[in-house]
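Below is one structure; the comments refer to it alone.
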Amino acid sequence: MLKYHMFSEVKCTERCLLYSMKMHGNEIESLRIASGTIFNEIVVWKVVFQNNATIPGSHTEDHVPLTTDEGFLRPVPVFKDALISRLVGHEGSVFGIAWFSDGMKLVSVSDDRSARIWEVQAEKGVSCNDVQDRDNHFAGSVLFGHSARIWDCCIFDSLIITAGEDCTCRVWDHDGRELKEIKEHIGRGVWRCLYDPRSSLLVTAGFDSAVKVHQLYAYKGLEETIASEDFSDKHEVFALSLPNLSGNVQLMDSKSEYVRCLHFSREDSLYVATNNGYLYHASLINNKTVRWTELARISEEAPIICMNLLSKRSKSSDGFEDWVAIGDGKGRMTIVLVVGIDSSPKVDFILTWPAERERHLLGTYWCKSLENRFIFTADPGGRLKLWKLRNNLTSDSLIGRASYDMFLIAEYASCFGMRIMCVDASFDEELLVCGDIRGNLLLFSLPRDLLCSTSIAAGVKASPVNYFKGAHGVSSVNSVSISVLSSDQVGIRSTGADGCICYLQHDRDLLNLEFIGMKQVKELSAIQSVFTSDRSDDSSVGDYAVGFASANFIIWNLSSGTKVLQITCGGWRRPHSHYLGDLPEMMNCFSFVKDDVIYVHRHWVPTNDRRIYPQNLHLQFHGREIHSLCFISGHSLCSSDENQALVSDPSWVATGCEDGTVRLTRYEPGLENWLSSQHLGEQVGGSAVRAICSVSKMHIFMPDIPTEVDRQNGTLEDRDPFILISVGAKRVVTAWKQIINMSNKREGTISSEMDKKNENDFKGSSTSTMSSFSFQWLSSDMPLNHTSHLKRQNAKEVTETAESTSTNTSDTISTKLLSSNYMTMESNLCPEDNLENDWRYLDVTAFLVKEAGSRISVCFVVIACSDATVTLRALLLPCRLWFDVASLAPISSPVLALQHVVIPKLLPSKGNIQSGSFYLAITGSTDGTIAIWDLTECIENFMRQVSGLQMENLMELQKRPRTGRGSQGGRRWRSIDHHKAKKKPEHCILRVKTCTDSVSTGKSDSGNEIESIASETSLSGTSVADIPFQADTQQASFVSGRRKDDLLPEISVLAAVQVLDNIHQSGINCLHVSDIKDLSLSDSRFSFYVVSGGDDQAISCLRFELQVNPMDENSQNMTAVNHCTTLPLAKNNSKDHFLVQKHQMQVFYLDKITSAHSSAVKGVWTDGIWVFSVGLDQRVRCWNLSNGRLTEFAHLIISVPEPEALDVKTCGRDHYQIAVAGRGMQMIEFSGI
């Protein structure tokens, strides 16, 4: 064991708070100390020997007398302080100091957002207490550039690096010139920075809990300052001028030549098209010289409007062929085949034909899967034409000429009438995907017979088979791509000018298009494309987002969350082009035009010469406080081997954070760190996530007495959905659906397919299968503005239409009031409050219910709000309809913790066949009470109403989550609905009725908003509730309508069947309910445990037993089911009882540990055998629940500050995994053996 003792103690006589300190020197005689004070100055001092002090290291050192200080022995001071200099100049507290290597200069950073370089004067050797007026005022360089406080700095012989609260790390030279700004962290700043000159690596650590590595030699301006391996020849900057403008500097006029289009084909090959109709080729030589080649003059009458390029490598080693497609202002299309060897291009043939009317040719597109045999052209009206090139040369022939003809084989018309901006086609899937300028995606059929047919026929006109309106709001779609997910499903990825990447799924059999997820890249305002690296040997590479942020071109690594490249270019409206290699960090090219000059930035390092460092050393979790977490059940991950030991299976943990994000993190047993973490999405508007829960078990609703069919198991043959529910600020609730995809990647193009004799033979194509597990966004719900949960105010008879289809407001189904005593309470339940926008959801619990044999399932969600209300809501699947089912009558205090219990109803007379279930909710409030609520009747009545719905008459209501960037919603979004497209969408009315009624749809005769007609109903089946929707029947994108009048039915109010007082002396922060245990099959007795933790540092344990048999007549005087009663806390092992649906429920008070933790208890969990708890004291404690008593078994100090949540996964008998979250997350493995 390492032992140490105090050598000497020196106290600086400067009596002030020190925010920073840095020492320089290896010996005591040369030691210098710089201290940053709260008084905005730096005190530089050293230590000197006391008069008559014993010199350390002499023979009398062992006999140095000792003094006592509060009972501790300390050596007599041998040294004292001596002032060297007092540096004055900062206007804020000094947070960081760094010494130069010679010890004559230092750098300081301060609260005043500046860094300053100081020259330390000669040593004075005078005590700090004796000299108070010898100040060395600032006379060096000042480094200004940060927009917030600067926290840290480090220095090398030629570089100064600062890290600040503005989330930037800046590199400076010694003259105060800023060389580079690095901004890759998010949150509230970069805390620390460290630089290693030998490897040119800069390591930064930020508030976002990420540790990132940067390679400084890759940045412009640092090549001459880095004293390491020289990579300056790998980063090149070209400034090019057109051949006709070289050496001619004059003012531009209408006849001046300028660049219209740029396109890279390789890292050393750039094609340039001008307004005068010229097509040039620029060969970028390694020594920064450029070789220009004038290929052709495409048009002399009109400027070039658009250009696209398809580059192919020939079978020869150095040969290439580039197919350049060019469109001019006269509507003519030209294809130029450029071939060459070793950067020596030449034109092989040119083909020109009229494609559109004058000024109507705006875009031309190649598709790699279709190769050079087909090309698309687009006009302003949303029409896309497919042209076929006949008698074209094969890829392996670069010599010889032939006649070429272009034929129109198909014409695709958009139903929105908007200009098509991007296309992608799949020959294998016979699918064409297009994106337009208003954020819409369209799917067209691309039959293989049409492409492979040798006969020439008139162009086929086609309409969309499906479309998705507003995938990117009203922003333009910049790129689309197609991938194969399974044998019958196709994945579609699109990027847009809203800074989002959207993922959709197309089912070829059902012909539907489903939104499955979205990635919002906050660092980019517009994403041009997503590049996927083919390198599988490096975990630091993956998908890259390429786009713009203001005037900067940025390449962003989506896997590591780091910035690869940033170049100031003036924005995306300038002509530009980029080209990326297998490793974009080392292989990237970007060119843009500014002031008639073509600037080319090229950084090209072969992968065999340099390996990229991992740019993210620590998994970037949320970066803010994690308020909630939950394990994803192991049985939901489609484990095929049930006998495999659970302890060796990986674990998935879902977390919700203050920053509004939901993440899914994987843990592998045996590893010391988390294996991976993926971002699922954000709450609407980025509202904080306060609670999260998962639900996978499906409960079966049986309206009648069942026969012996497959209802005893409680599941159907179809795979039940796995739902993740997150709630938080702004009363937003979001549902996520589990997806497990088998991704098939096929290699092969149209050429290989058309050359085969049998087109149905796919044996020659290679197929690789990959599986992925994640969650996709399913639905979001938030209340209307200026409305409450329970009170519907009277207003004028006007129909309000939601401004956005992204978030649907809740519709109400009236249920029968269970107690007339609470009818009069309804008007006072939720008073008007101008601050209702500050209300937030505090906790949530959910469960799934489905009627046997039905395709409709319902996810019931119980939500607690900060306004002291608890609401039972229903999410109808797969229609994504939200309903308010009932409100749990609020008690005196808000509810902080929620749990639910589902107990089966068995019929002993019929062999214990399940006839239904009891649905209970258990709440813990801020006043220390626990309440039990019976939800059974409301749920059964709602399910009876739902059973009358027919799936074929229902369409999905919500299509896309809101990004919070204004990309969807508001007046601009509503203008899309009123746009006069070629085929105007129709409107329909959906009428939801009871189980005795049918569901009918009817069309509206006008495009006006449909008036909502609602009547007060009860769920007995005697009346009907009409729920109107304004819908686009072709798109299935609904806008919910609601009429505010006195005819709108009120939400039902439930009373607690039991309230247990004084369980805790203060607020109950957490609750957990164990699994149901069947005590006796003969008399249908079930039990479960409830454990709670509160602010009073206590843990309480209760046990509930339910006797399902009917009660005797002499027990009718007991508590009625719908009347609220209050029971005081009794002594240990005492019991109380009440009725649940005329069945007796007993409560046993087992044990209470009054001082379980030394601070508030924030999380508890139990399975009836073990109890685990965590508190703000950063302790996880394990309790054994035996003989009705809680006995502490073990405890552990965790490294997570301010823990707020705990969840446990059972891995085997007496073996558990414990996940704790707060300002970070930690996994603990427990074994009770």
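Letters A, B, ... mark the chains of the structure tokens in the order given; residue numbers begin at 1 per chain; ligand numbers begin at 1, in order shown.
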Discussion item. Just want the 7 Å neighbourhood of segment 914-928 of chain A, counted on only C-alpha atoms, with same-chain residues fewer than 5 positions away dropped. Output as a PyMOL selection string.
Written reply: chain A and resi 701-702+705-706+712+893-907+933-936+1061-1068
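Minimum atom-to-atom distances from A:Leu295, A:Val477, A:Val237, A:Ala471 to His601 of chain A were compared using only C-alpha atoms, and the lowest value belongs to A:Val237.
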Discussion item. Using DSSP assignments from the backbone, pull out every residue in segment 327-565 of chain A that falls under strand (DSSP E) and give it to me as a PyMOL selection string.
Written reply: chain A and resi 327-328+332-341+345-354+363-367+371-378+383-390+405-413+420-426+431-436+441-445+460-462+466-468+477-484+489-496+500-507+512-520+526-532+543-549+552-557+562-565
Worksheet entry | Close residues, Gly1175 of chain A itself excluded, 10 Å, only C-alpha atoms, min 3 positions apart in chain, as a list in words | Gly1093, Gly1094, Asp1095, Gln1097, Ala1156, His1157, Ser1158, Ser1159, Ala1160, Val1161, Lys1162, Gly1163, Val1164, Gln1178, Arg1179, Val1180, Arg1181, Glu1202, Pro1203, Glu1204, Ala1205 and Leu1206 of chain A
Discussion item. Report as an MDAnalysis selection string all protein, DNA and RNA residues lying within 8 Å of Gly1168 of chain A, evaluated on only C-alpha atoms, omitting residues in the same chain fewer than 5 positions from it.
Written reply: chainID A and resid 1074:1075 1088:1089 1185
Go ahead and write the residues just picked, N, CA and C atoms, as a compact mmCIF listing (two decimals), in the first residue's frame.
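Contents of part_0.txt, freshly written:
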```
# COMPACT_ATOMS: atom_id res chain seq x y z
N SER A 1074 -44.43 -5.66 -7.03
CA SER A 1074 -43.86 -6.93 -7.44
C SER A 1074 -44.82 -7.67 -8.37
N ASP A 1075 -44.36 -8.76 -8.94
CA ASP A 1075 -45.21 -9.57 -9.79
C ASP A 1075 -46.31 -10.24 -8.96
N PHE A 1088 -49.42 -9.50 -3.91
CA PHE A 1088 -48.30 -8.74 -4.48
C PHE A 1088 -47.80 -7.79 -3.40
N TYR A 1089 -46.55 -7.37 -3.57
CA TYR A 1089 -45.89 -6.48 -2.61
C TYR A 1089 -45.78 -5.08 -3.21
N LEU A 1185 -36.26 -9.47 2.19
CA LEU A 1185 -37.63 -9.45 2.69
C LEU A 1185 -38.02 -10.86 3.09
```
Please list as a short mmCIF file (atom, residue, chain, number, x, y, z; two decimals) with N, CA, C and O atoms, in the first residue's frame every residue within 9 Å of segment 18-22 of chain A, counting only C-alpha atoms and excluding residues in the same chain fewer than 6 positions away.
```cif
data_model
loop_
_atom_site.label_atom_id
_atom_site.label_comp_id
_atom_site.auth_asym_id
_atom_site.auth_seq_id
_atom_site.Cartn_x
_atom_site.Cartn_y
_atom_site.Cartn_z
N ARG A 32 7.53 27.48 -8.68
CA ARG A 32 6.76 28.71 -8.79
C ARG A 32 5.27 28.36 -8.78
O ARG A 32 4.86 27.39 -9.41
N ILE A 33 4.52 29.17 -8.08
CA ILE A 33 3.08 28.93 -7.95
C ILE A 33 2.35 30.16 -8.45
O ILE A 33 2.66 31.29 -8.03
N ALA A 34 1.38 29.94 -9.35
CA ALA A 34 0.50 31.00 -9.84
C ALA A 34 -0.91 30.70 -9.36
O ALA A 34 -1.44 29.63 -9.64
N SER A 35 -1.52 31.63 -8.66
CA SER A 35 -2.84 31.43 -8.08
C SER A 35 -3.79 32.49 -8.63
O SER A 35 -3.50 33.69 -8.56
N GLY A 36 -4.93 32.04 -9.17
CA GLY A 36 -5.95 32.95 -9.66
C GLY A 36 -6.97 33.23 -8.58
O GLY A 36 -7.55 32.30 -8.01
N THR A 37 -7.20 34.47 -8.31
CA THR A 37 -8.03 34.86 -7.18
C THR A 37 -9.40 35.33 -7.66
O THR A 37 -9.64 35.57 -8.84
N ILE A 38 -10.28 35.47 -6.69
CA ILE A 38 -11.61 35.98 -6.96
C ILE A 38 -11.60 37.48 -7.19
O ILE A 38 -12.57 38.06 -7.67
N SER A 93 -13.11 36.75 -12.43
CA SER A 93 -12.36 35.75 -11.70
C SER A 93 -11.52 34.90 -12.65
O SER A 93 -11.95 34.60 -13.78
N VAL A 94 -10.34 34.49 -12.19
CA VAL A 94 -9.41 33.73 -13.01
C VAL A 94 -9.70 32.25 -12.79
O VAL A 94 -9.56 31.74 -11.67
N PHE A 95 -10.10 31.53 -13.87
CA PHE A 95 -10.52 30.15 -13.76
C PHE A 95 -9.43 29.15 -14.14
O PHE A 95 -9.52 27.98 -13.75
N GLY A 96 -8.45 29.55 -14.91
CA GLY A 96 -7.44 28.61 -15.36
C GLY A 96 -6.13 29.29 -15.65
O GLY A 96 -6.08 30.45 -16.10
N ILE A 97 -5.02 28.56 -15.39
CA ILE A 97 -3.67 29.09 -15.61
C ILE A 97 -2.83 27.99 -16.22
O ILE A 97 -2.98 26.80 -15.87
N ALA A 98 -1.93 28.36 -17.13
CA ALA A 98 -0.99 27.42 -17.73
C ALA A 98 0.35 28.12 -17.90
O ALA A 98 0.42 29.28 -18.34
N TRP A 99 1.43 27.43 -17.53
CA TRP A 99 2.78 27.97 -17.62
C TRP A 99 3.41 27.63 -18.97
O TRP A 99 3.17 26.55 -19.53
#
```
